[in-house]
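Peer 1: Got a structure for you, run-v2.cif, holding mmCIF, C-alpha atoms.
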data_start
#
loop_
_atom_site.label_atom_id
_atom_site.label_comp_id
_atom_site.auth_asym_id
_atom_site.auth_seq_id
_atom_site.Cartn_x
_atom_site.Cartn_y
_atom_site.Cartn_z
CA MET A 223 -61.57 -13.68 101.49
CA LYS A 224 -59.63 -10.47 101.94
CA ASP A 225 -56.85 -10.21 104.44
CA VAL A 226 -57.89 -8.47 107.62
CA PRO A 227 -55.09 -6.21 108.85
CA GLY A 228 -53.84 -6.94 112.31
CA PRO A 229 -53.70 -4.40 115.12
CA GLN A 230 -51.32 -1.52 114.38
CA MET A 231 -48.92 0.04 116.87
CA LYS A 232 -50.16 3.59 117.53
CA ARG A 233 -47.71 6.47 117.97
CA SER A 234 -48.84 9.76 119.52
CA SER A 235 -46.37 11.90 117.56
CA HIS A 236 -43.51 11.86 115.11
CA ALA A 237 -41.37 13.37 117.86
CA LYS A 238 -41.71 10.27 120.05
CA ALA A 239 -40.86 8.05 117.11
CA ALA A 240 -37.75 10.13 116.36
CA ALA A 241 -36.71 10.03 120.00
CA GLY A 242 -37.02 6.27 120.01
CA ILE A 243 -34.81 6.00 116.93
CA MET A 244 -32.16 8.21 118.54
CA VAL A 245 -32.10 6.04 121.68
CA ALA A 246 -31.72 2.94 119.54
CA MET A 247 -28.82 4.51 117.64
CA LEU A 248 -27.03 5.44 120.89
CA LEU A 249 -27.45 1.93 122.27
CA ALA A 250 -26.13 0.48 119.02
CA ALA A 251 -23.08 2.77 119.16
CA GLN A 252 -22.32 1.68 122.74
CA SER A 253 -22.60 -1.95 121.74
CA LEU A 254 -20.21 -1.46 118.82
CA THR A 255 -17.66 0.26 121.06
CA ALA A 256 -17.77 -2.65 123.51
CA ALA A 257 -17.40 -5.12 120.67
CA PHE A 258 -14.27 -3.44 119.28
CA ALA A 259 -12.74 -3.22 122.77
CA ALA A 260 -13.17 -6.95 123.23
CA GLY A 261 -10.60 -7.62 120.50
CA ALA A 262 -10.46 -9.85 117.49
CA ALA A 263 -12.09 -12.84 119.19
CA GLY A 264 -15.11 -10.83 120.18
CA THR A 265 -15.35 -9.37 116.69
CA GLY A 266 -15.22 -12.85 115.20
CA ALA A 267 -18.00 -13.99 117.48
CA ALA A 268 -20.12 -11.01 116.50
CA MET A 269 -19.56 -11.75 112.81
CA ALA A 270 -20.50 -15.36 113.37
CA GLY A 271 -23.72 -14.21 115.01
CA ASN A 272 -24.58 -12.26 111.84
CA ALA A 273 -23.96 -15.19 109.49
CA ALA A 274 -26.62 -16.22 106.98
CA PRO A 275 -29.47 -18.19 108.57
CA ASP A 276 -29.46 -21.96 108.28
CA ARG A 277 -31.59 -22.89 105.28
CA SER A 278 -31.77 -26.58 106.10
CA SER A 279 -35.26 -26.19 107.58
CA GLU A 280 -36.52 -24.47 104.41
CA ASP A 281 -34.93 -27.17 102.28
CA ARG A 282 -36.62 -29.90 104.29
CA THR A 283 -39.98 -28.15 103.94
CA ALA A 284 -39.56 -27.92 100.17
CA LEU A 285 -38.66 -31.61 100.01
CA ASP A 286 -41.69 -32.50 102.12
CA ARG A 287 -43.94 -30.46 99.84
CA ARG A 288 -42.61 -32.20 96.75
CA ALA A 289 -43.04 -35.60 98.38
CA ALA A 290 -46.61 -34.70 99.37
CA GLU A 291 -47.42 -33.64 95.80
CA ARG A 292 -45.98 -36.89 94.41
CA SER A 293 -48.12 -38.85 96.84
CA LEU A 294 -51.15 -36.80 95.86
CA LEU A 295 -50.66 -37.36 92.13
CA GLN A 296 -50.11 -41.08 92.65
CA GLY A 297 -53.33 -41.21 94.61
CA ARG A 298 -51.89 -41.73 98.10
CA ILE A 299 -54.09 -39.00 99.51
CA ASP A 300 -53.96 -40.05 103.16
CA ASP A 301 -50.15 -39.94 103.09
CA SER A 302 -50.14 -36.57 101.36
CA VAL A 303 -52.66 -34.96 103.71
CA THR A 304 -50.78 -36.19 106.78
CA VAL A 305 -47.56 -34.50 105.64
CA LEU A 306 -49.31 -31.31 104.57
CA LYS A 307 -51.19 -30.92 107.85
CA ARG A 308 -47.86 -31.08 109.65
CA LEU A 309 -46.37 -28.45 107.36
CA VAL A 310 -49.21 -25.94 107.79
CA ALA A 311 -49.23 -26.52 111.55
CA ALA A 312 -45.55 -25.55 111.60
CA ASN A 313 -46.09 -22.60 109.24
CA PRO A 314 -49.65 -21.25 108.88
CA ASN A 315 -48.43 -18.97 106.06
CA ASP A 316 -47.28 -21.82 103.81
CA GLY A 317 -49.52 -21.05 100.84
CA GLN A 318 -48.04 -23.82 98.68
CA ALA A 319 -48.77 -26.47 101.31
CA TYR A 320 -52.32 -25.17 101.72
CA LEU A 321 -52.83 -25.36 97.95
CA LEU A 322 -51.72 -29.00 97.93
CA LEU A 323 -53.98 -29.64 100.92
CA CYS A 324 -56.89 -28.09 99.01
CA ARG A 325 -56.19 -30.37 96.06
CA GLY A 326 -56.10 -33.41 98.36
CA PHE A 327 -59.40 -32.55 100.02
CA TYR A 328 -60.91 -31.83 96.60
CA ALA A 329 -59.85 -35.26 95.35
CA GLU A 330 -61.54 -36.83 98.38
CA GLU A 331 -64.67 -34.75 97.73
CA HIS A 332 -64.37 -33.04 101.12
CA PHE A 333 -65.43 -29.71 99.72
CA ASP A 334 -65.75 -27.62 102.89
CA GLU A 335 -62.19 -28.54 103.83
CA ALA A 336 -61.03 -27.88 100.26
CA VAL A 337 -62.55 -24.39 100.32
CA ALA A 338 -60.97 -23.57 103.67
CA ALA A 339 -57.52 -24.73 102.55
CA CYS A 340 -57.71 -22.90 99.23
CA GLU A 341 -58.83 -19.68 100.92
CA LYS A 342 -55.77 -19.86 103.15
CA SER A 343 -53.57 -20.52 100.13
CA VAL A 344 -54.96 -17.44 98.37
CA ARG A 345 -54.54 -15.31 101.49
CA ALA A 346 -50.88 -16.34 101.61
CA ASN A 347 -50.34 -15.68 97.90
CA ALA A 348 -53.16 -13.70 96.31
CA ARG A 349 -51.31 -13.46 92.98
CA SER A 350 -51.10 -17.22 92.48
CA SER A 351 -53.16 -18.12 89.42
CA ASP A 352 -53.23 -21.79 90.40
CA ALA A 353 -54.46 -21.03 93.92
CA GLN A 354 -57.26 -18.82 92.60
CA ASP A 355 -58.25 -21.44 90.03
CA TRP A 356 -58.43 -24.21 92.61
CA LEU A 357 -60.40 -21.96 94.92
CA GLY A 358 -62.92 -21.44 92.13
CA ARG A 359 -63.19 -25.18 91.61
CA ALA A 360 -63.68 -25.78 95.33
CA TYR A 361 -66.39 -23.11 95.50
CA GLY A 362 -68.03 -24.64 92.43
CA THR A 363 -68.25 -28.15 93.81
CA LYS A 364 -69.51 -26.81 97.12
CA ALA A 365 -72.15 -24.82 95.24
CA ASP A 366 -73.27 -28.00 93.49
CA HIS A 367 -74.10 -29.50 96.88
CA ALA A 368 -75.62 -26.36 98.42
CA GLY A 369 -79.14 -25.00 98.59
CA PRO A 370 -80.41 -22.35 96.15
CA LEU A 371 -79.45 -19.28 98.20
CA GLU A 372 -76.01 -20.50 99.23
CA GLY A 373 -75.42 -21.80 95.71
CA PHE A 374 -76.27 -18.35 94.29
CA ILE A 375 -73.76 -16.67 96.62
CA LEU A 376 -71.08 -19.25 95.92
CA ALA A 377 -71.56 -18.93 92.16
CA ARG A 378 -70.41 -15.32 92.31
CA ASP A 379 -67.38 -16.43 94.32
CA VAL A 380 -66.62 -19.06 91.67
CA ARG A 381 -66.62 -16.44 88.92
CA ALA A 382 -64.49 -14.02 90.94
CA ALA A 383 -61.88 -16.70 91.64
CA PHE A 384 -61.69 -17.88 88.03
CA GLU A 385 -61.45 -14.32 86.76
CA ALA A 386 -58.67 -13.58 89.26
CA ALA A 387 -56.83 -16.72 88.11
CA VAL A 388 -56.93 -15.65 84.46
CA ALA A 389 -56.01 -12.06 85.29
CA SER A 390 -52.96 -13.30 87.22
CA ASP A 391 -51.84 -15.54 84.34
CA PRO A 392 -53.67 -15.29 80.99
CA GLY A 393 -51.57 -18.23 79.81
CA ASN A 394 -52.94 -20.60 82.45
CA GLY A 395 -54.88 -22.94 80.18
CA ALA A 396 -56.67 -24.69 83.03
CA ALA A 397 -57.93 -21.39 84.44
CA VAL A 398 -59.01 -20.15 81.01
CA GLY A 399 -60.87 -23.41 80.48
CA ASP A 400 -62.61 -23.19 83.85
CA LEU A 401 -63.63 -19.56 83.34
CA SER A 402 -64.91 -20.24 79.83
CA GLU A 403 -67.06 -23.13 81.03
CA TYR A 404 -68.48 -20.89 83.74
CA TYR A 405 -69.33 -18.12 81.27
CA VAL A 406 -71.04 -20.60 78.93
CA ALA A 407 -73.01 -22.45 81.60
CA ALA A 408 -73.92 -19.74 84.15
CA PRO A 409 -76.79 -17.28 83.76
CA SER A 410 -76.05 -13.57 83.49
CA VAL A 411 -77.41 -12.89 86.98
CA VAL A 412 -74.29 -14.56 88.42
CA GLY A 413 -71.88 -13.20 85.83
CA GLY A 414 -72.20 -15.73 83.04
CA GLY A 415 -72.71 -14.86 79.39
CA LEU A 416 -71.81 -16.03 75.92
CA GLU A 417 -70.48 -12.60 74.97
CA LYS A 418 -67.99 -12.84 77.81
CA ALA A 419 -66.93 -16.26 76.54
CA ASP A 420 -66.47 -14.82 73.05
CA GLU A 421 -64.24 -12.07 74.43
CA LEU A 422 -62.21 -14.60 76.43
CA ALA A 423 -61.68 -16.71 73.29
CA ASP A 424 -60.43 -13.67 71.40
CA ARG A 425 -58.04 -12.69 74.18
CA SER A 426 -56.71 -16.23 74.50
CA PHE A 427 -56.20 -17.06 70.84
CA ASP A 428 -52.53 -16.05 70.52
CA ARG A 429 -51.42 -17.83 73.69
CA LEU A 430 -53.85 -20.74 73.71
CA PRO A 431 -55.27 -21.40 70.23
CA GLN A 432 -56.61 -24.86 71.07
CA GLN A 433 -58.41 -23.48 74.09
CA ALA A 434 -59.78 -20.55 72.07
CA HIS A 435 -61.26 -22.89 69.42
CA ARG A 436 -62.78 -24.98 72.22
CA ILE A 437 -64.44 -21.92 73.75
CA ARG A 438 -65.85 -20.88 70.39
CA ALA A 439 -67.18 -24.40 69.90
CA MET A 440 -68.92 -24.41 73.29
CA VAL A 441 -70.46 -21.01 72.58
CA ALA A 442 -71.70 -22.12 69.15
CA GLU A 443 -73.19 -25.30 70.60
CA LYS A 444 -74.96 -23.29 73.28
CA ARG A 445 -76.41 -21.10 70.52
CA LYS A 446 -77.48 -24.28 68.68
CA ASP A 447 -75.17 -23.44 65.78
CA TYR A 448 -74.05 -27.04 65.46
CA GLY A 449 -72.17 -26.65 62.19
CA THR A 450 -69.90 -24.00 63.68
CA ALA A 451 -69.53 -26.00 66.88
CA GLU A 452 -68.31 -29.07 65.01
CA ARG A 453 -65.89 -27.01 62.89
CA GLU A 454 -64.42 -25.34 65.97
CA PHE A 455 -64.00 -28.62 67.87
CA GLN A 456 -62.27 -30.02 64.78
CA ALA A 457 -60.11 -26.88 64.55
CA ALA A 458 -59.03 -27.46 68.16
CA VAL A 459 -57.90 -30.94 67.13
CA ASP A 460 -56.07 -29.62 64.08
CA VAL A 461 -54.02 -27.11 66.11
CA ALA A 462 -51.89 -29.77 67.79
CA ARG A 463 -53.64 -33.18 67.47
CA ARG A 464 -53.73 -33.44 71.25
CA PRO A 465 -55.70 -36.27 72.90
CA ASP A 466 -57.81 -33.91 75.02
CA ALA A 467 -59.01 -32.14 71.86
CA TRP A 468 -60.02 -35.50 70.36
CA VAL A 469 -61.93 -36.22 73.58
CA ASP A 470 -63.78 -32.90 73.29
CA LEU A 471 -64.74 -33.78 69.71
CA GLY A 472 -65.88 -37.26 70.74
CA ASN A 473 -67.88 -35.84 73.61
CA TYR A 474 -69.58 -33.40 71.23
CA TYR A 475 -70.56 -36.25 68.89
CA GLU A 476 -71.93 -38.16 71.88
CA ARG A 477 -74.15 -35.21 72.81
CA ARG A 478 -75.35 -35.08 69.20
CA GLU A 479 -76.00 -38.86 69.38
CA GLN A 480 -73.64 -39.52 66.51
CA TRP A 481 -72.34 -42.67 68.13
CA ASP A 482 -70.00 -44.03 65.46
CA ARG A 483 -68.27 -40.68 64.99
CA ALA A 484 -67.96 -40.35 68.74
CA VAL A 485 -66.27 -43.74 69.05
CA ASP A 486 -63.92 -42.92 66.18
CA ALA A 487 -62.82 -39.64 67.79
CA LEU A 488 -62.32 -41.31 71.17
CA LYS A 489 -60.22 -44.05 69.59
CA HIS A 490 -58.06 -41.31 68.07
CA ALA A 491 -57.72 -39.82 71.56
CA LEU A 492 -56.57 -43.12 73.02
CA ALA A 493 -54.09 -43.66 70.19
CA ALA A 494 -52.68 -40.14 70.50
CA ASP A 495 -52.27 -40.30 74.28
CA ARG A 496 -48.91 -42.00 74.57
CA ALA A 497 -48.42 -40.68 78.10
CA LYS A 498 -51.63 -42.41 79.22
CA ASP A 499 -52.72 -39.36 81.16
CA ALA A 500 -56.14 -38.07 82.22
CA SER A 501 -57.40 -37.86 78.64
CA ILE A 502 -57.71 -41.64 78.41
CA VAL A 503 -59.86 -41.65 81.54
CA ASP A 504 -62.12 -39.05 79.95
CA ALA A 505 -62.34 -41.15 76.80
CA ALA A 506 -63.07 -44.30 78.80
CA SER A 507 -65.84 -42.64 80.79
CA ILE A 508 -67.56 -41.44 77.61
CA LEU A 509 -67.30 -44.87 76.00
CA ASN A 510 -68.79 -46.35 79.15
CA GLU A 511 -71.69 -43.87 79.10
CA MET A 512 -72.41 -44.84 75.49
CA HIS A 513 -72.10 -48.56 76.30
CA ARG A 514 -69.54 -48.90 73.51
CA GLU A 515 -66.15 -50.63 73.44
CA PRO A 516 -66.23 -51.85 77.10
CA ARG A 517 -62.93 -53.74 76.83
CA LEU A 518 -61.19 -50.68 75.42
CA ALA A 519 -62.60 -48.48 78.18
CA LYS A 520 -61.52 -50.95 80.87
CA LEU A 521 -58.01 -51.17 79.40
CA ALA A 522 -57.70 -47.37 79.34
CA LEU A 523 -58.49 -47.11 83.05
CA GLN A 524 -56.04 -49.87 83.88
CA GLN A 525 -53.31 -48.17 81.84
CA TYR A 526 -53.88 -44.89 83.64
CA LEU A 527 -53.66 -46.52 87.06
CA ALA A 528 -50.51 -48.42 86.08
CA GLY A 529 -48.77 -45.36 84.62
CA ASN A 530 -46.97 -42.34 85.98
CA ALA A 531 -49.02 -39.59 84.34
CA LYS A 532 -51.77 -39.28 86.93
CA THR A 533 -53.07 -35.80 87.65
CA ASP A 534 -55.66 -34.01 89.76
CA ALA A 535 -58.02 -34.15 86.79
CA PHE A 536 -58.71 -37.77 87.71
CA PRO A 537 -57.40 -38.79 91.15
CA ALA A 538 -56.47 -42.45 91.35
CA VAL A 539 -59.11 -43.08 94.02
CA LYS A 540 -61.81 -41.90 91.62
CA VAL A 541 -60.48 -44.04 88.78
CA HIS A 542 -60.39 -47.14 91.00
CA VAL A 543 -64.08 -46.57 91.76
CA MET A 544 -64.84 -45.99 88.07
CA LEU A 545 -63.08 -49.22 87.16
CA GLY A 546 -64.83 -51.06 89.99
CA LYS A 547 -68.26 -49.95 88.78
CA MET A 548 -67.34 -50.92 85.24
CA LEU A 549 -66.36 -54.39 86.44
CA ALA A 550 -69.54 -54.67 88.50
CA ASP A 551 -71.63 -53.86 85.43
CA THR A 552 -70.05 -56.83 83.64
CA GLY A 553 -70.79 -59.15 86.58
CA ASP A 554 -67.27 -59.19 88.01
CA THR A 555 -68.28 -58.45 91.62
CA PRO A 556 -65.03 -59.77 93.20
CA GLY A 557 -62.97 -57.59 90.86
CA ALA A 558 -65.17 -54.60 91.65
CA ARG A 559 -64.71 -55.05 95.39
CA ILE A 560 -60.95 -55.20 94.92
CA GLU A 561 -60.98 -51.85 93.11
CA PHE A 562 -63.18 -50.21 95.76
CA GLY A 563 -60.86 -51.55 98.44
CA ARG A 564 -57.81 -50.15 96.63
CA ALA A 565 -59.46 -46.74 96.58
CA LEU A 566 -59.98 -46.86 100.33
CA GLU A 567 -56.38 -47.91 100.87
CA LEU A 568 -55.36 -44.64 99.23
CA ALA A 569 -58.02 -42.42 100.82
CA SER A 570 -59.69 -44.09 103.79
CA ASN A 571 -62.48 -41.48 103.99
CA TYR A 572 -63.42 -41.47 100.30
CA ALA A 573 -67.22 -41.63 100.52
CA PRO A 574 -67.94 -42.86 96.94
CA ALA A 575 -65.72 -45.91 97.51
CA LYS A 576 -67.41 -46.64 100.84
CA ARG A 577 -70.85 -46.45 99.25
CA ALA A 578 -69.83 -48.59 96.29
CA LEU A 579 -68.30 -51.23 98.54
CA LYS A 580 -71.41 -51.34 100.71
CA GLU A 581 -73.61 -51.83 97.64
CA LYS A 582 -71.47 -54.79 96.49
#
Can the structure in the file be given as structure tokens, please?
Peer 2:
Amino acid sequence: MKDVPGPQMKRSSHAKAAAGIMVAMLLAAQSLTAAFAAGAAGTGAAMAGNAAPDRSSEDRTALDRRAAERSLLQGRIDDSVTVLKRLVAANPNDGQAYLLLCRGFYAEEHFDEAVAACEKSVRANARSSDAQDWLGRAYGTKADHAGPLEGFILARDVRAAFEAAVASDPGNGAAVGDLSEYYVAAPSVVGGGLEKADELADRSFDRLPQQAHRIRAMVAEKRKDYGTAEREFQAAVDVARRPDAWVDLGNYYERREQWDRAVDALKHALAADRAKDASIVDAASILNEMHREPRLAKLALQQYLAGNAKTDAFPAVKVHVMLGKMLADTGDTPGARIEFGRALELASNYAPAKRALKEK
């Protein structure tokens, strides 16, 4: 993970270095004399040679990056990855392009490639909170598919990346959320711990009060203090009435098998989410797991896919597969196949869509 320094030029003495500088200064003086003797035209040419570099190439790269990110968020992963591979081939130090490439591979569930791209992004910009956070996610998903020993090693890498992300930007809500979930879920042998989650909640409260209440709720639930957990999830809702907080409350009620209260909270989430962003996908997936309100869940997925608020939280390819499976469960096999096919049009190597299409 750490940068390995390249070979250094060795100098036998300071005297040789000083002599080299003196020679360079003499050569520069001779060149200046010749330039002045050449007259005004020569001077003008020299000045032109020292003009500011053409930034058009940098501007084009920035435009390509933005276009690749738009494609990624809209679910056109193949298009995005094609552009990003060209950018990193032209500039192997383009940390932003590598980060977008990591996100694309992550969306496709190509976790080895996601890890490699995120590691390169972090090497190019070690202080990027987003790059560290995505690296932690990539390590985490790879760990989920690894054996016990490799998973143990990767778990420590996950924690280190999430902690680096929060240290770089304590106001990065996504990173704080990821780190808190790690602390709550992971055993102490790999750096987890409820006390650490408590401390993170305290540190985050001023900047991220909703997130802090959520952390406290998760900790209380883990300790089986269900009264405190419910109050903290409700407090997270009360801070800003955001749809994602309603989803967290609904998900808690689902885990407690309080089905009617879960449905009520999820309906509040759907009503509050005017942007039709990833929160409605979360709500739909929970309703589907509970086998409640199937029409409402289907409509939520369709609204997300039709809207312009898609994010990495739920890549469009994944939502097409979710919708396809939902349709298949209701007996609409032709509709399901259409959704699986749409996923593959966006990401031709998306394995879950291939498997789902083969099964139908």
Peer 1: Given the file above and the PyMOL selection byres ((chain A and resi 406) around 8), which residues are selected, and can you give them as a ChimeraX atom specification?
Peer 2: /A:402-405,407-408,414-416,419,440-441,444
Peer 1: Do you know which residues are at most 7 Å from region 501-506 of chain A counting all atoms listed in the file, after dropping those on the same chain fewer than 2 positions away, and could you put them as a PDB file with C-alpha atoms, in the frame of the given file?
Peer 2:
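Listed below is the output, out.pdb:
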ATOM      1  CA  PRO A 465     -55.700 -36.270  72.900  1.00  0.00           C
ATOM      2  CA  ASP A 466     -57.810 -33.910  75.020  1.00  0.00           C
ATOM      3  CA  VAL A 469     -61.930 -36.220  73.580  1.00  0.00           C
ATOM      4  CA  LEU A 488     -62.320 -41.310  71.170  1.00  0.00           C
ATOM      5  CA  LEU A 492     -56.570 -43.120  73.020  1.00  0.00           C
ATOM      6  CA  ASP A 495     -52.270 -40.300  74.280  1.00  0.00           C
ATOM      7  CA  LYS A 498     -51.630 -42.410  79.220  1.00  0.00           C
ATOM      8  CA  ASP A 499     -52.720 -39.360  81.160  1.00  0.00           C
ATOM      9  CA  ILE A 508     -67.560 -41.440  77.610  1.00  0.00           C
ATOM     10  CA  LEU A 509     -67.300 -44.870  76.000  1.00  0.00           C
ATOM     11  CA  ASN A 510     -68.790 -46.350  79.150  1.00  0.00           C
ATOM     12  CA  ALA A 519     -62.600 -48.480  78.180  1.00  0.00           C
ATOM     13  CA  ALA A 522     -57.700 -47.370  79.340  1.00  0.00           C
ATOM     14  CA  LEU A 523     -58.490 -47.110  83.050  1.00  0.00           C
TER      15      LEU A 523
END
Peer 1: Between CA of Tyr475 (chain A) and CA of Ser410 (chain A), what is the spacing in Å?
Peer 2: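 That distance, rounded to one decimal, is 27.5 Å.
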Peer 1: I need the output of the PyMOL selection byres ((chain A and resi 562) around 7) for this file as a PyMOL selection string; which residues are they?
Peer 2: chain A and resi 542-543+546+558-561+563-566+575+578-579
Peer 1: Which one is closest to Arg325 (chain A): A:Gly413, A:Gly399, A:Pro537, A:Gly449? Count only C-alpha atoms.
Peer 2: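 Result for the nearest residue to Arg325 (chain A): A:Pro537.
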Peer 1: If you count only C-alpha atoms, which residues fall within 10 Å of Ala383 (chain A), apart from same-chain ones fewer than 6 positions away, as a list of chain:residue names?
Peer 2: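 The residues satisfying every condition are A:Val344, A:Ser351, A:Ala353, A:Gln354, A:Asp355, A:Trp356, A:Leu357, A:Gly358, A:Arg359, A:Ala360, A:Tyr361, A:Ala377, A:Ala389, A:Ala397, A:Leu401.
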Peer 1: Take the PyMOL selection byres ((chain A and resi 455) around 7), run it mentally on this structure, and tell me the resulting residues as number ranges by chain.
Peer 2: A: 435-436, 439, 451-454, 456-459, 470-471
Peer 1: Fewer than 6 positions away in the same chain doesn't count, so skip those; otherwise give me all residues within 12 Å of Ser279 (chain A), counting all atoms listed in the file, as a ChimeraX atom specification.
Peer 2: /A:285-286,309,312-313
Peer 1: Within 12 Å of Asp482 (chain A), counting all atoms listed in the file, which residues show up once you throw out same-chain ones fewer than 5 positions away? Write them as a PDB file with C-alpha atoms, in the frame of the given file, please.
Peer 2:
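What ended up in selection28.pdb:
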ATOM      1  CA  GLY A 472     -65.880 -37.260  70.740  1.00  0.00           C
ATOM      2  CA  ASN A 473     -67.880 -35.840  73.610  1.00  0.00           C
ATOM      3  CA  TYR A 475     -70.560 -36.250  68.890  1.00  0.00           C
ATOM      4  CA  GLU A 476     -71.930 -38.160  71.880  1.00  0.00           C
ATOM      5  CA  ALA A 487     -62.820 -39.640  67.790  1.00  0.00           C
ATOM      6  CA  LEU A 488     -62.320 -41.310  71.170  1.00  0.00           C
ATOM      7  CA  LYS A 489     -60.220 -44.050  69.590  1.00  0.00           C
ATOM      8  CA  LEU A 509     -67.300 -44.870  76.000  1.00  0.00           C
ATOM      9  CA  MET A 512     -72.410 -44.840  75.490  1.00  0.00           C
ATOM     10  CA  HIS A 513     -72.100 -48.560  76.300  1.00  0.00           C
ATOM     11  CA  ARG A 514     -69.540 -48.900  73.510  1.00  0.00           C
ATOM     12  CA  GLU A 515     -66.150 -50.630  73.440  1.00  0.00           C
TER      13      GLU A 515
END
Peer 1: Please provide the set of residues having any atom within 12 Å of Ala569 (chain A), restricted to all atoms listed in the file, with same-chain residues fewer than 6 positions apart removed, written as a list in words.
Peer 2: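 In the requested format, the answer is Ser293, Leu294, Gln296, Gly297, Arg298, Ile299, Asp300, Asp301, Ser302, Val303, Thr304, Gly326, Phe327, Tyr328, Ala329, Glu330, Glu331, His332, Pro537, Ala538, Val539, Lys540, His542, Val543, Phe562, Gly563, Ala575 and Lys576 of chain A.
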